[in-house]
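The next block is final.csv, given as CSV, C-alpha atoms.
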```csv
chain,number,residue,atom,x,y,z
A,573,MET,CA,35.2,-39.1,-17.0
A,574,GLN,CA,37.5,-36.1,-16.3
A,575,VAL,CA,34.5,-34.0,-15.5
A,576,LYS,CA,33.2,-36.6,-13.0
A,577,ALA,CA,36.6,-37.0,-11.4
A,578,LEU,CA,36.9,-33.2,-11.1
A,579,ARG,CA,33.5,-33.0,-9.4
A,580,GLY,CA,34.4,-35.7,-7.0
A,581,SER,CA,37.7,-34.2,-6.0
A,582,LEU,CA,36.1,-30.8,-5.6
A,583,ARG,CA,33.3,-32.2,-3.4
A,584,ARG,CA,35.8,-34.1,-1.2
A,585,ALA,CA,38.0,-31.0,-0.8
A,586,LEU,CA,35.2,-28.7,0.2
A,587,LEU,CA,33.1,-31.0,2.3
A,588,ALA,CA,35.1,-31.6,5.4
A,589,PRO,CA,33.8,-34.2,7.9
A,590,GLY,CA,31.2,-32.9,10.2
A,591,GLN,CA,30.3,-29.9,8.1
A,592,ALA,CA,26.8,-29.4,6.7
A,593,MET,CA,27.5,-27.6,3.5
A,594,ARG,CA,25.6,-27.7,0.2
A,595,LEU,CA,27.6,-27.5,-2.9
A,596,ARG,CA,26.1,-25.8,-5.9
A,597,SER,CA,25.6,-28.0,-8.9
A,598,LEU,CA,28.1,-27.3,-11.6
A,599,PRO,CA,26.7,-26.1,-14.9
A,600,PRO,CA,26.3,-29.1,-17.3
A,601,SER,CA,29.1,-29.5,-19.8
A,602,ARG,CA,28.0,-30.0,-23.4
A,603,ARG,CA,29.4,-29.5,-26.8
A,604,LEU,CA,27.6,-26.9,-28.8
A,605,GLY,CA,27.4,-26.7,-32.6
A,606,LEU,CA,27.9,-23.4,-34.5
A,607,LEU,CA,24.3,-22.2,-34.4
A,608,SER,CA,23.5,-23.5,-31.0
A,609,GLY,CA,26.7,-22.0,-29.6
A,610,ILE,CA,25.6,-18.6,-31.0
A,611,ARG,CA,22.1,-18.9,-29.5
A,612,GLU,CA,23.6,-19.9,-26.2
A,613,ARG,CA,26.1,-16.9,-26.3
A,614,PHE,CA,23.4,-14.3,-26.9
A,615,ASN,CA,20.6,-15.9,-24.9
A,616,THR,CA,19.8,-13.1,-22.4
A,617,LYS,CA,16.8,-14.9,-20.8
A,618,LYS,CA,18.6,-17.9,-19.4
A,619,LYS,CA,18.9,-18.2,-15.7
A,620,PRO,CA,22.3,-17.3,-14.2
A,621,THR,CA,24.1,-20.2,-12.6
A,622,TRP,CA,26.2,-18.3,-10.0
A,623,GLY,CA,25.8,-15.1,-7.8
A,624,ALA,CA,23.1,-13.2,-6.1
A,625,ASP,CA,20.7,-13.6,-9.0
A,626,ASN,CA,20.8,-17.4,-8.6
A,627,GLU,CA,20.0,-17.0,-4.9
A,628,ARG,CA,17.0,-14.8,-5.7
A,629,ALA,CA,15.8,-17.3,-8.3
A,630,SER,CA,16.1,-20.1,-5.8
A,631,GLN,CA,14.1,-18.1,-3.2
A,632,GLU,CA,11.4,-17.4,-5.7
A,633,ALA,CA,11.2,-21.1,-6.6
A,634,GLU,CA,10.7,-21.9,-2.9
A,635,VAL,CA,7.5,-19.7,-2.7
A,636,LYS,CA,6.2,-20.8,-6.1
A,637,ASP,CA,2.4,-21.5,-6.1
A,638,THR,CA,2.0,-25.3,-6.2
A,639,ARG,CA,-1.8,-25.4,-6.4
A,640,PRO,CA,-3.5,-27.1,-9.3
A,641,PHE,CA,-3.8,-25.2,-12.6
A,642,LEU,CA,-7.5,-24.6,-12.5
A,643,GLN,CA,-7.5,-23.5,-8.9
A,644,ARG,CA,-4.8,-20.9,-9.6
A,645,LYS,CA,-6.7,-19.6,-12.6
A,646,TRP,CA,-9.9,-19.4,-10.7
A,647,HIS,CA,-8.2,-17.6,-7.9
A,648,LYS,CA,-7.2,-15.0,-10.6
A,649,TRP,CA,-10.4,-14.9,-12.6
A,650,SER,CA,-12.7,-14.6,-9.6
A,651,GLY,CA,-10.9,-11.4,-8.4
A,652,ALA,CA,-9.6,-12.9,-5.2
A,653,LEU,CA,-6.0,-12.4,-6.3
A,654,ALA,CA,-6.7,-8.8,-7.3
A,655,ALA,CA,-8.3,-8.2,-3.9
A,656,GLU,CA,-5.3,-9.6,-2.0
A,657,GLN,CA,-2.9,-7.5,-4.1
A,658,GLU,CA,-5.1,-4.4,-3.5
A,659,VAL,CA,-4.9,-4.9,0.3
A,660,ALA,CA,-1.2,-5.5,0.3
A,661,ASP,CA,-0.4,-2.6,-2.1
A,662,THR,CA,-2.6,-0.1,-0.3
A,663,PHE,CA,-1.2,-1.1,3.1
A,664,LEU,CA,2.3,-0.5,1.8
A,665,LEU,CA,1.5,2.9,0.4
A,666,GLU,CA,-0.3,4.0,3.5
A,667,LYS,CA,2.6,3.0,5.8
A,668,PHE,CA,5.2,4.6,3.5
A,669,LEU,CA,3.6,8.0,4.3
A,670,GLY,CA,5.1,7.7,7.8
A,671,LEU,CA,8.5,7.7,6.2
A,672,SER,CA,7.8,10.5,3.8
A,673,ALA,CA,6.4,12.7,6.5
A,674,SER,CA,9.8,12.6,8.3
A,675,LEU,CA,11.0,15.1,5.7
A,676,ASN,CA,9.0,17.8,7.5
A,677,ASN,CA,9.7,16.9,11.1
A,678,LYS,CA,8.2,20.1,12.5
A,679,ASP,CA,6.8,18.4,15.6
A,680,ARG,CA,10.0,16.7,16.7
A,681,ASP,CA,13.8,16.9,16.6
A,682,PHE,CA,16.0,14.0,15.6
A,683,PRO,CA,17.4,12.3,18.7
A,684,ALA,CA,21.1,12.9,19.5
A,685,ASP,CA,22.0,9.3,18.5
A,686,HIS,CA,20.2,9.5,15.2
A,687,GLN,CA,22.4,8.6,12.2
A,688,LEU,CA,21.6,11.9,10.5
A,689,HIS,CA,23.7,13.9,13.1
A,690,GLY,CA,26.8,11.9,12.2
A,691,ILE,CA,26.1,12.3,8.5
A,692,ALA,CA,25.6,16.0,8.8
A,693,ALA,CA,28.8,16.5,10.8
A,694,ARG,CA,30.8,14.5,8.3
A,695,ALA,CA,29.2,16.3,5.3
A,696,ARG,CA,30.0,19.7,6.9
A,697,ALA,CA,33.6,18.6,7.5
A,698,ILE,CA,33.9,17.5,3.9
A,699,VAL,CA,32.8,21.0,2.8
A,700,GLY,CA,35.7,22.6,4.8
A,701,GLU,CA,38.2,20.1,3.6
A,702,GLN,CA,37.3,20.4,0.0
A,703,TRP,CA,37.1,24.2,0.2
A,704,ALA,CA,40.7,24.3,1.5
A,705,ALA,CA,41.9,21.8,-1.0
A,706,ALA,CA,40.3,23.8,-3.9
A,707,ALA,CA,42.0,27.0,-2.6
A,708,GLU,CA,45.4,25.3,-3.0
A,709,ASP,CA,44.7,24.2,-6.5
A,710,PRO,CA,45.4,27.1,-8.9
A,711,ALA,CA,43.2,25.6,-11.6
A,712,VAL,CA,40.2,25.5,-9.4
A,713,GLY,CA,40.8,28.2,-6.7
A,714,LEU,CA,40.4,31.1,-9.1
A,715,ASP,CA,37.2,29.7,-10.8
A,716,GLN,CA,34.3,30.2,-8.6
A,717,ALA,CA,32.0,27.7,-10.4
A,718,ALA,CA,34.7,25.0,-10.5
A,719,ARG,CA,35.4,25.5,-6.8
A,720,VAL,CA,31.8,25.1,-5.8
A,721,SER,CA,31.4,22.2,-8.1
A,722,SER,CA,34.4,20.4,-6.6
A,723,VAL,CA,33.0,20.8,-3.1
A,724,VAL,CA,29.5,19.6,-4.2
A,725,ARG,CA,30.9,16.6,-5.9
A,726,ALA,CA,32.8,15.5,-2.8
A,727,VAL,CA,29.7,15.9,-0.6
A,728,THR,CA,27.5,14.1,-3.1
A,729,ALA,CA,29.9,11.2,-3.2
A,730,TYR,CA,29.8,10.9,0.5
A,731,LEU,CA,26.0,11.2,0.6
A,732,ARG,CA,25.7,8.5,-2.1
A,733,SER,CA,27.7,6.1,0.0
A,734,GLU,CA,25.6,6.7,3.1
A,735,GLN,CA,22.4,6.3,1.0
A,736,GLU,CA,23.6,2.9,-0.2
A,737,LEU,CA,24.5,1.9,3.3
A,738,HIS,CA,21.0,2.7,4.6
A,739,LYS,CA,19.1,1.8,1.5
A,740,PRO,CA,18.1,-1.7,2.8
A,741,ALA,CA,16.0,-0.1,5.4
A,742,ILE,CA,13.8,1.4,2.6
A,743,GLU,CA,13.8,-1.7,0.5
A,744,GLY,CA,12.6,-3.8,3.5
A,745,PHE,CA,10.4,-1.1,4.9
A,746,LEU,CA,7.3,-3.3,4.7
A,747,GLU,CA,8.9,-6.0,6.8
A,748,LEU,CA,10.1,-3.3,9.3
A,749,VAL,CA,6.5,-2.0,9.6
A,750,ARG,CA,5.1,-5.5,10.3
A,751,ASP,CA,7.9,-6.4,12.7
A,752,ASN,CA,7.6,-3.1,14.7
A,753,ALA,CA,3.8,-2.9,14.7
A,754,GLY,CA,2.7,-1.1,17.9
A,755,GLU,CA,6.2,0.1,18.7
A,756,ARG,CA,6.2,3.6,20.1
A,757,SER,CA,9.8,4.3,19.5
A,758,GLY,CA,10.6,5.3,15.9
A,759,ALA,CA,14.2,4.0,16.0
A,760,TRP,CA,13.5,1.4,13.4
A,761,MET,CA,12.8,4.2,10.9
A,762,TRP,CA,16.1,6.0,11.5
A,763,ALA,CA,18.0,4.3,8.7
A,764,GLY,CA,15.2,4.9,6.3
A,765,GLU,CA,15.0,8.6,7.3
A,766,ALA,CA,18.8,8.9,6.8
A,767,ALA,CA,18.7,7.4,3.3
A,768,LEU,CA,15.7,9.6,2.3
A,769,ARG,CA,17.3,12.8,3.5
A,770,ALA,CA,20.6,11.9,1.9
A,771,SER,CA,18.8,11.4,-1.4
A,772,VAL,CA,17.0,14.7,-1.1
A,773,LEU,CA,20.3,16.6,-0.5
A,774,GLN,CA,22.0,14.9,-3.4
A,775,LEU,CA,19.3,15.9,-5.8
A,776,TYR,CA,19.0,19.4,-4.3
A,777,LEU,CA,22.8,20.1,-4.7
A,778,ALA,CA,22.6,18.9,-8.3
A,779,ARG,CA,19.7,21.3,-8.9
A,780,LEU,CA,21.6,24.2,-7.4
A,781,LEU,CA,24.5,23.6,-9.7
A,782,ALA,CA,22.1,23.5,-12.7
A,783,ALA,CA,20.5,26.8,-11.5
A,784,ALA,CA,23.9,28.4,-11.2
A,785,GLY,CA,24.8,27.1,-14.7
A,786,ASP,CA,21.7,28.7,-16.4
A,787,ASP,CA,22.1,32.0,-14.3
A,788,SER,CA,18.8,31.6,-12.5
A,789,LEU,CA,20.9,31.6,-9.3
A,790,PRO,CA,24.0,33.7,-9.0
A,791,ILE,CA,27.1,31.6,-8.4
A,792,MET,CA,28.2,34.1,-5.7
A,793,ALA,CA,25.4,32.9,-3.6
A,794,LEU,CA,27.1,29.5,-3.3
A,795,HIS,CA,30.7,30.7,-3.4
A,796,ASP,CA,31.0,30.7,0.4
A,797,GLU,CA,32.2,27.9,2.6
A,798,GLN,CA,30.0,28.8,5.6
A,799,VAL,CA,26.9,29.1,3.4
A,800,LEU,CA,27.5,25.6,1.9
A,801,ALA,CA,28.2,24.0,5.3
A,802,GLU,CA,25.1,25.5,6.9
A,803,LEU,CA,23.0,24.6,3.8
A,804,VAL,CA,24.1,20.9,4.1
A,805,GLY,CA,23.3,20.8,7.8
A,806,THR,CA,20.0,22.4,7.3
A,807,PHE,CA,18.8,20.1,4.6
A,808,LEU,CA,19.9,17.0,6.6
A,809,LEU,CA,18.4,18.0,9.9
A,810,ALA,CA,15.9,20.9,9.8
A,811,PRO,CA,12.2,20.8,9.1
A,812,GLY,CA,10.7,21.9,5.7
A,813,ALA,CA,10.1,25.5,6.7
A,814,HIS,CA,13.7,26.1,7.8
A,815,ARG,CA,15.0,24.4,4.6
A,816,LEU,CA,12.8,26.7,2.4
A,817,GLU,CA,13.9,29.8,4.3
A,818,ALA,CA,17.6,28.9,3.8
A,819,HIS,CA,16.9,28.1,0.1
A,820,LEU,CA,15.1,31.4,-0.7
A,821,ALA,CA,17.9,33.3,1.0
A,822,LEU,CA,20.3,32.1,-1.7
A,823,TYR,CA,18.2,33.9,-4.4
A,824,GLY,CA,18.7,37.3,-2.8
A,825,PRO,CA,16.9,39.7,-0.4
A,826,GLU,CA,14.1,40.3,-3.0
A,827,LEU,CA,12.6,38.1,-5.7
A,828,ASP,CA,10.4,38.8,-8.7
A,829,GLN,CA,7.6,36.4,-9.8
A,830,SER,CA,9.8,34.4,-12.2
A,831,GLN,CA,12.6,34.0,-9.7
A,832,LEU,CA,10.1,32.8,-7.0
A,833,GLN,CA,8.7,30.2,-9.3
A,834,ASP,CA,12.2,28.9,-10.2
A,835,ALA,CA,13.1,28.8,-6.6
A,836,PHE,CA,10.0,26.8,-5.7
A,837,TYR,CA,10.8,24.3,-8.4
A,838,ALA,CA,14.4,24.0,-7.3
A,839,PHE,CA,13.3,23.3,-3.7
A,840,SER,CA,10.4,21.0,-4.4
A,841,ASP,CA,11.6,18.8,-7.3
A,842,PRO,CA,14.3,17.1,-5.3
A,843,GLU,CA,11.8,16.0,-2.6
A,844,VAL,CA,9.5,14.6,-5.2
A,845,GLY,CA,12.3,12.7,-7.0
A,846,ALA,CA,13.7,11.3,-3.7
A,847,VAL,CA,10.3,10.2,-2.4
A,848,SER,CA,9.2,8.6,-5.6
A,849,SER,CA,12.6,6.8,-6.0
A,850,ALA,CA,12.4,5.5,-2.5
A,851,MET,CA,8.8,4.3,-2.9
A,852,GLY,CA,9.8,2.5,-6.1
A,853,VAL,CA,12.5,0.3,-4.4
A,854,VAL,CA,10.3,-0.9,-1.6
A,855,HIS,CA,9.9,-4.7,-1.8
A,856,GLY,CA,6.4,-5.9,-2.3
A,857,LEU,CA,5.2,-3.0,-4.4
A,858,HIS,CA,2.9,-4.0,-7.2
A,859,LYS,CA,4.4,-4.3,-10.7
A,860,ASP,CA,2.1,-1.6,-12.1
A,861,HIS,CA,4.0,1.0,-10.1
A,862,ALA,CA,7.1,0.5,-12.3
A,863,LYS,CA,5.4,2.7,-15.0
A,864,GLY,CA,2.8,4.6,-13.0
A,865,LEU,CA,5.0,6.0,-10.3
A,866,PRO,CA,7.7,7.7,-12.4
A,867,LYS,CA,5.0,9.1,-14.7
A,868,PHE,CA,3.0,10.5,-11.8
A,869,ALA,CA,6.1,12.0,-10.1
A,870,SER,CA,7.3,13.7,-13.4
A,871,THR,CA,4.1,15.7,-13.7
A,872,TYR,CA,3.1,16.0,-10.1
A,873,LEU,CA,4.4,19.6,-9.5
A,874,LEU,CA,2.8,21.0,-12.6
A,875,ASP,CA,-0.4,19.1,-13.1
A,876,VAL,CA,-1.4,17.9,-9.6
A,877,LEU,CA,0.1,20.4,-7.1
A,878,GLU,CA,-0.2,23.2,-9.7
A,879,LEU,CA,3.0,24.9,-8.4
A,880,ASN,CA,3.0,27.5,-11.2
A,881,VAL,CA,-0.4,28.8,-10.1
A,882,LYS,CA,0.4,28.7,-6.4
A,883,SER,CA,3.7,30.4,-6.7
A,884,ARG,CA,2.0,33.3,-8.5
A,885,CYS,CA,-0.7,33.4,-5.8
A,886,VAL,CA,2.0,33.6,-3.1
A,887,PHE,CA,3.8,36.3,-4.9
A,888,CYS,CA,0.7,38.4,-5.5
A,889,TRP,CA,-0.9,38.0,-2.1
A,890,SER,CA,2.4,38.8,-0.3
A,891,ASP,CA,2.3,42.5,-1.4
A,892,ASP,CA,-0.3,45.2,-1.2
A,893,ALA,CA,0.7,46.2,-4.7
A,894,PHE,CA,-1.7,43.6,-5.9
A,895,SER,CA,-5.2,45.1,-6.1
A,896,GLY,CA,-8.3,43.7,-7.7
A,897,ILE,CA,-7.6,41.7,-10.9
A,898,LYS,CA,-4.5,43.7,-11.9
A,899,PRO,CA,-1.3,41.6,-11.2
A,900,PRO,CA,2.0,43.3,-10.3
A,901,ASP,CA,4.4,44.2,-13.1
A,902,ASP,CA,6.9,41.7,-14.3
A,903,ASP,CA,9.8,43.6,-12.7
A,904,HIS,CA,8.1,44.0,-9.4
A,905,ARG,CA,10.1,42.5,-6.5
A,906,VAL,CA,9.1,41.4,-3.1
A,907,PRO,CA,11.3,40.9,0.0
A,908,VAL,CA,11.9,37.2,0.9
A,909,GLY,CA,10.5,37.8,4.4
A,910,GLN,CA,7.1,38.8,3.0
A,911,LEU,CA,7.1,35.8,0.6
A,912,LEU,CA,7.8,33.4,3.4
A,913,ALA,CA,4.9,34.9,5.5
A,914,ALA,CA,2.6,34.6,2.5
A,915,ARG,CA,3.7,31.0,1.9
A,916,GLU,CA,2.9,30.1,5.5
A,917,GLU,CA,-0.5,31.7,5.3
A,918,TYR,CA,-1.7,30.6,1.8
A,919,PHE,CA,0.5,27.6,0.8
A,920,ASP,CA,1.0,25.5,3.9
A,921,GLU,CA,1.8,22.3,1.9
A,922,GLY,CA,4.7,24.1,0.2
A,923,VAL,CA,7.2,22.8,2.9
A,924,ASP,CA,5.9,19.2,2.8
A,925,ILE,CA,6.0,18.5,-0.9
A,926,GLY,CA,7.5,15.0,-0.5
A,927,ASN,CA,4.7,13.8,1.8
A,928,THR,CA,1.9,15.5,-0.2
A,929,CYS,CA,3.3,13.7,-3.3
A,930,ALA,CA,3.2,10.3,-1.7
A,931,SER,CA,-0.3,11.0,-0.3
A,932,ALA,CA,-1.6,12.1,-3.7
A,933,TYR,CA,-0.2,9.0,-5.3
A,934,ALA,CA,-1.7,6.8,-2.6
A,935,ALA,CA,-5.1,8.5,-3.3
A,936,GLU,CA,-4.7,7.8,-7.0
A,937,ARG,CA,-4.1,4.2,-6.4
A,938,ARG,CA,-7.1,3.9,-4.1
A,939,LYS,CA,-9.2,5.5,-6.9
A,940,HIS,CA,-7.7,3.1,-9.4
A,941,TYR,CA,-8.6,0.1,-7.3
A,942,HIS,CA,-12.1,1.5,-6.6
A,943,GLU,CA,-12.7,1.9,-10.4
A,944,LYS,CA,-11.4,-1.7,-11.0
A,945,ALA,CA,-13.8,-3.1,-8.4
A,946,GLU,CA,-16.7,-1.2,-10.1
A,947,THR,CA,-15.7,-2.5,-13.5
A,948,ARG,CA,-15.4,-6.0,-12.2
A,949,ALA,CA,-18.9,-5.8,-10.6
A,950,GLU,CA,-20.4,-4.4,-13.8
A,951,ALA,CA,-18.7,-7.2,-15.8
A,952,LYS,CA,-20.2,-9.8,-13.6
A,953,LYS,CA,-23.7,-8.2,-13.8
A,954,GLY,CA,-23.3,-8.0,-17.6
A,955,LEU,CA,-22.3,-11.7,-17.8
A,956,VAL,CA,-25.3,-12.7,-15.8
A,957,PHE,CA,-27.6,-10.6,-17.9
A,958,PHE,CA,-26.1,-12.0,-21.1
A,959,LEU,CA,-26.6,-15.6,-19.9
A,960,ALA,CA,-30.2,-14.8,-18.8
A,961,CYS,CA,-31.0,-13.4,-22.3
A,962,CYS,CA,-29.5,-16.4,-23.9
A,963,MET,CA,-31.7,-18.7,-21.8
A,964,VAL,CA,-34.8,-16.7,-22.6
A,965,ASP,CA,-34.0,-16.6,-26.3
A,966,THR,CA,-33.4,-20.3,-26.3
A,967,TYR,CA,-36.7,-20.9,-24.5
A,968,VAL,CA,-38.7,-18.7,-26.9
A,969,THR,CA,-37.0,-20.3,-30.0
A,970,TYR,CA,-37.5,-24.0,-29.2
A,971,MET,CA,-40.4,-24.1,-26.8
```

Just give me the structure of the file as structure tokens.
Amino acid sequence: MQVKALRGSLRRALLAPGQAMRLRSLPPSRRLGLLSGIRERFNTKKKPTWGADNERASQEAEVKDTRPFLQRKWHKWSGALAAEQEVADTFLLEKFLGLSASLNNKDRDFPADHQLHGIAARARAIVGEQWAAAAEDPAVGLDQAARVSSVVRAVTAYLRSEQELHKPAIEGFLELVRDNAGERSGAWMWAGEAALRASVLQLYLARLLAAAGDDSLPIMALHDEQVLAELVGTFLLAPGAHRLEAHLALYGPELDQSQLQDAFYAFSDPEVGAVSSAMGVVHGLHKDHAKGLPKFASTYLLDVLELNVKSRCVFCWSDDAFSGIKPPDDDHRVPVGQLLAAREEYFDEGVDIGNTCASAYAAERRKHYHEKAETRAEAKKGLVFFLACCMVDTYVTYM
């Protein structure tokens, strides 16, 4: 009785006259025994009663398939459902390539009112502010690694907030594509581009700190306020060729073969990680991608792009010291300018790693769907052949 009275008073208090408001149903009150209470306490599969999860559950319930059981199963067994999923999934992957291609905007500049200009200006300002603050801190100012790390942490925190702010544009990218079909202006992609670039820069800065920690990159290359500010602006606004040029400049005027390979990985891995993570949060992606996409991205540079081989080719073909089948010595060093020229001539996709990764994954999915269609067709033919053999065997046995 008390519960009913409480519900009634709560409903009267919240539902003012003339207001169309729906009150959520209160969770049922029931007394639980010892065992049932323990099961209820540790039941992680039960539906939440309040919050955003309940809203999502109610939305899923609204679009629940209400067709008869046999019709739903036949829709699945006949392959019609798989064909629909294939079309939707392939469409999403193909359209996502437009967003991943923005990482190498060599054919255009970002408009003056693009969000990335404001993000870049604020990130550069944070570099200056944190550099000055670290200089006043005696515990940090004398430690070069600690000073650089404090600046990078501040910039990364800001980039993370901007990424979360613009993340819905990536999550709802499929809806944006459909709503803006035929639109010549790319303004609807700006928020997604900002989120993707912010993600790349976060991963890149973390990779630089790791490289400085294992001595593959000298910390003095990063211990400069102007260098960090320009690096942040370049990675947020510049095309891939300019980003790679600024990145290789950190490793010194000359590089040996091992340093070039490390530098290529430090530059390419953040793009692959950012693109694969962005692709994984797009609404409407098939559930198979939850396992397939991270696995593909983790081995893409080594197994698909073969970055080890291509970095050695760039190094060898950049210098006349390479002749015939005899490679240069391990301590042989080549100027960065020659390496960049060789990269442009022999390794054009080296500045568009994110988009090539997305393209390769889309190609893998098309191959996967093609093989599934062939398997389904062969299974149908095999079933028909089996039934025909059964009929002939029956006829021969009993006739």

Leu669 (chain A) proximity check over A:Pro907, A:Val847, A:His814, A:His855, using all atoms listed in the file: winner is A:Val847

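The closest residue to Phe919 (chain A), picked from A:Pro866, A:Ala695, A:Lys882, A:Tyr967 and counting all atoms listed in the file, is A:Lys882.
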
Pick out the residues sitting within 10 Å of Cys888 (chain A), and hand them over as JSON, numbers by chain; count all atoms listed in the file, and ignore anything fewer than 2 positions along from it in its own chain. {"A": [829, 882, 883, 884, 885, 886, 890, 891, 892, 893, 894, 895, 898, 899, 900, 906, 911, 914]}

Long-range neighbours of region 655-663 of chain A as a list of chain:residue names, 9 Å cut-off, only C-alpha atoms, 4 positions minimum in chain: A:Gly651, A:Lys667, A:Phe668, A:Leu746, A:Gly856, A:Leu857, A:His858, A:Ala934, A:Arg937, A:Arg938, A:Tyr941, A:Ala945

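Among the candidates A:Asn677, A:Ala913, A:Gly700, A:His904, the residue lying nearest to Glu802 (chain A) is A:Gly700 (atoms considered: all atoms listed in the file).
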
Residues within 6 Å of Ala770 (chain A), please, as a PyMOL selection string. Count only C-alpha atoms; anything in the same chain fewer than 3 positions from it doesn't count. chain A and resi 731+735+767+773

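Nearest to Pro790 (chain A) of all the residues A:Pro710, A:Gly954, A:Gly909, A:Gly824 is A:Gly824, counting only C-alpha atoms.
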
Can you tell me how far CA of Ser840 (chain A) sits from CA of Phe868 (chain A), in Å to one decimal? 14.8 Å

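Of the residues listed (A:Ala838, A:Ile742, A:Ala821, A:Arg815), A:Ala838 shows the shortest atom-to-atom separation from Leu781 (chain A); distances use all atoms listed in the file.
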
A straight line from CA of Met761 (chain A) to CA of Leu671 (chain A) spans 7.3 Å

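Closest approach to Ala818 (chain A) among A:Leu688, A:Leu664, A:Ala846, A:Leu912 is made by A:Leu912 (distances from all atoms listed in the file).
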
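In this model, the gap between CA of Ala729 (chain A) and CA of Met792 (chain A) comes to 23.1 Å.
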
Nearby residues (only C-alpha atoms) at most 12 Å from Ser721 (chain A), same-chain spacing under 2 positions excluded, as a VMD selection string: chain A and resid 699 702 to 703 706 712 to 713 715 to 719 723 to 728 777 to 782 784 to 785 791 794 to 795 800

Please provide as a PyMOL selection string all residues within 9 Å of Gly805 (chain A), with the sequence filter that same-chain residues fewer than 6 positions apart are discarded (counting all atoms listed in the file). chain A and resi 689+691-693+695-696

Restore N, CA and C atoms in region 691-706 of chain A and list the result as a compact mmCIF listing (two decimals), keeping the file's coordinate frame.
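Listing of part35.txt after writing:
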```txt
# COMPACT_ATOMS: atom_id res chain seq x y z
N ILE A 691 25.98 11.97 9.92
CA ILE A 691 26.10 12.30 8.50
C ILE A 691 26.24 13.76 8.25
N ALA A 692 25.48 14.57 8.97
CA ALA A 692 25.60 16.00 8.80
C ALA A 692 26.92 16.55 9.23
N ALA A 693 27.44 16.04 10.36
CA ALA A 693 28.80 16.50 10.80
C ALA A 693 29.85 16.16 9.83
N ARG A 694 29.81 14.95 9.29
CA ARG A 694 30.80 14.50 8.30
C ARG A 694 30.68 15.32 7.02
N ALA A 695 29.45 15.59 6.58
CA ALA A 695 29.20 16.30 5.30
C ALA A 695 29.75 17.77 5.49
N ARG A 696 29.52 18.39 6.65
CA ARG A 696 30.00 19.70 6.90
C ARG A 696 31.56 19.74 6.90
N ALA A 697 32.14 18.69 7.49
CA ALA A 697 33.60 18.60 7.50
C ALA A 697 34.18 18.45 6.10
N ILE A 698 33.49 17.71 5.25
CA ILE A 698 33.90 17.50 3.90
C ILE A 698 33.90 18.87 3.14
N VAL A 699 32.89 19.69 3.43
CA VAL A 699 32.80 21.00 2.80
C VAL A 699 34.07 21.81 3.14
N GLY A 700 34.46 21.82 4.43
CA GLY A 700 35.70 22.60 4.80
C GLY A 700 36.92 22.00 4.22
N GLU A 701 37.05 20.68 4.20
CA GLU A 701 38.20 20.10 3.60
C GLU A 701 38.37 20.33 2.15
N GLN A 702 37.29 20.16 1.42
CA GLN A 702 37.30 20.40 0.00
C GLN A 702 37.50 21.85 -0.38
N TRP A 703 36.96 22.72 0.45
CA TRP A 703 37.10 24.20 0.20
C TRP A 703 38.59 24.56 0.32
N ALA A 704 39.24 24.03 1.36
CA ALA A 704 40.70 24.30 1.50
C ALA A 704 41.51 23.70 0.44
N ALA A 705 41.16 22.47 0.05
CA ALA A 705 41.90 21.80 -1.00
C ALA A 705 41.75 22.53 -2.35
N ALA A 706 40.53 23.03 -2.62
CA ALA A 706 40.30 23.80 -3.90
C ALA A 706 41.07 25.08 -3.87
```
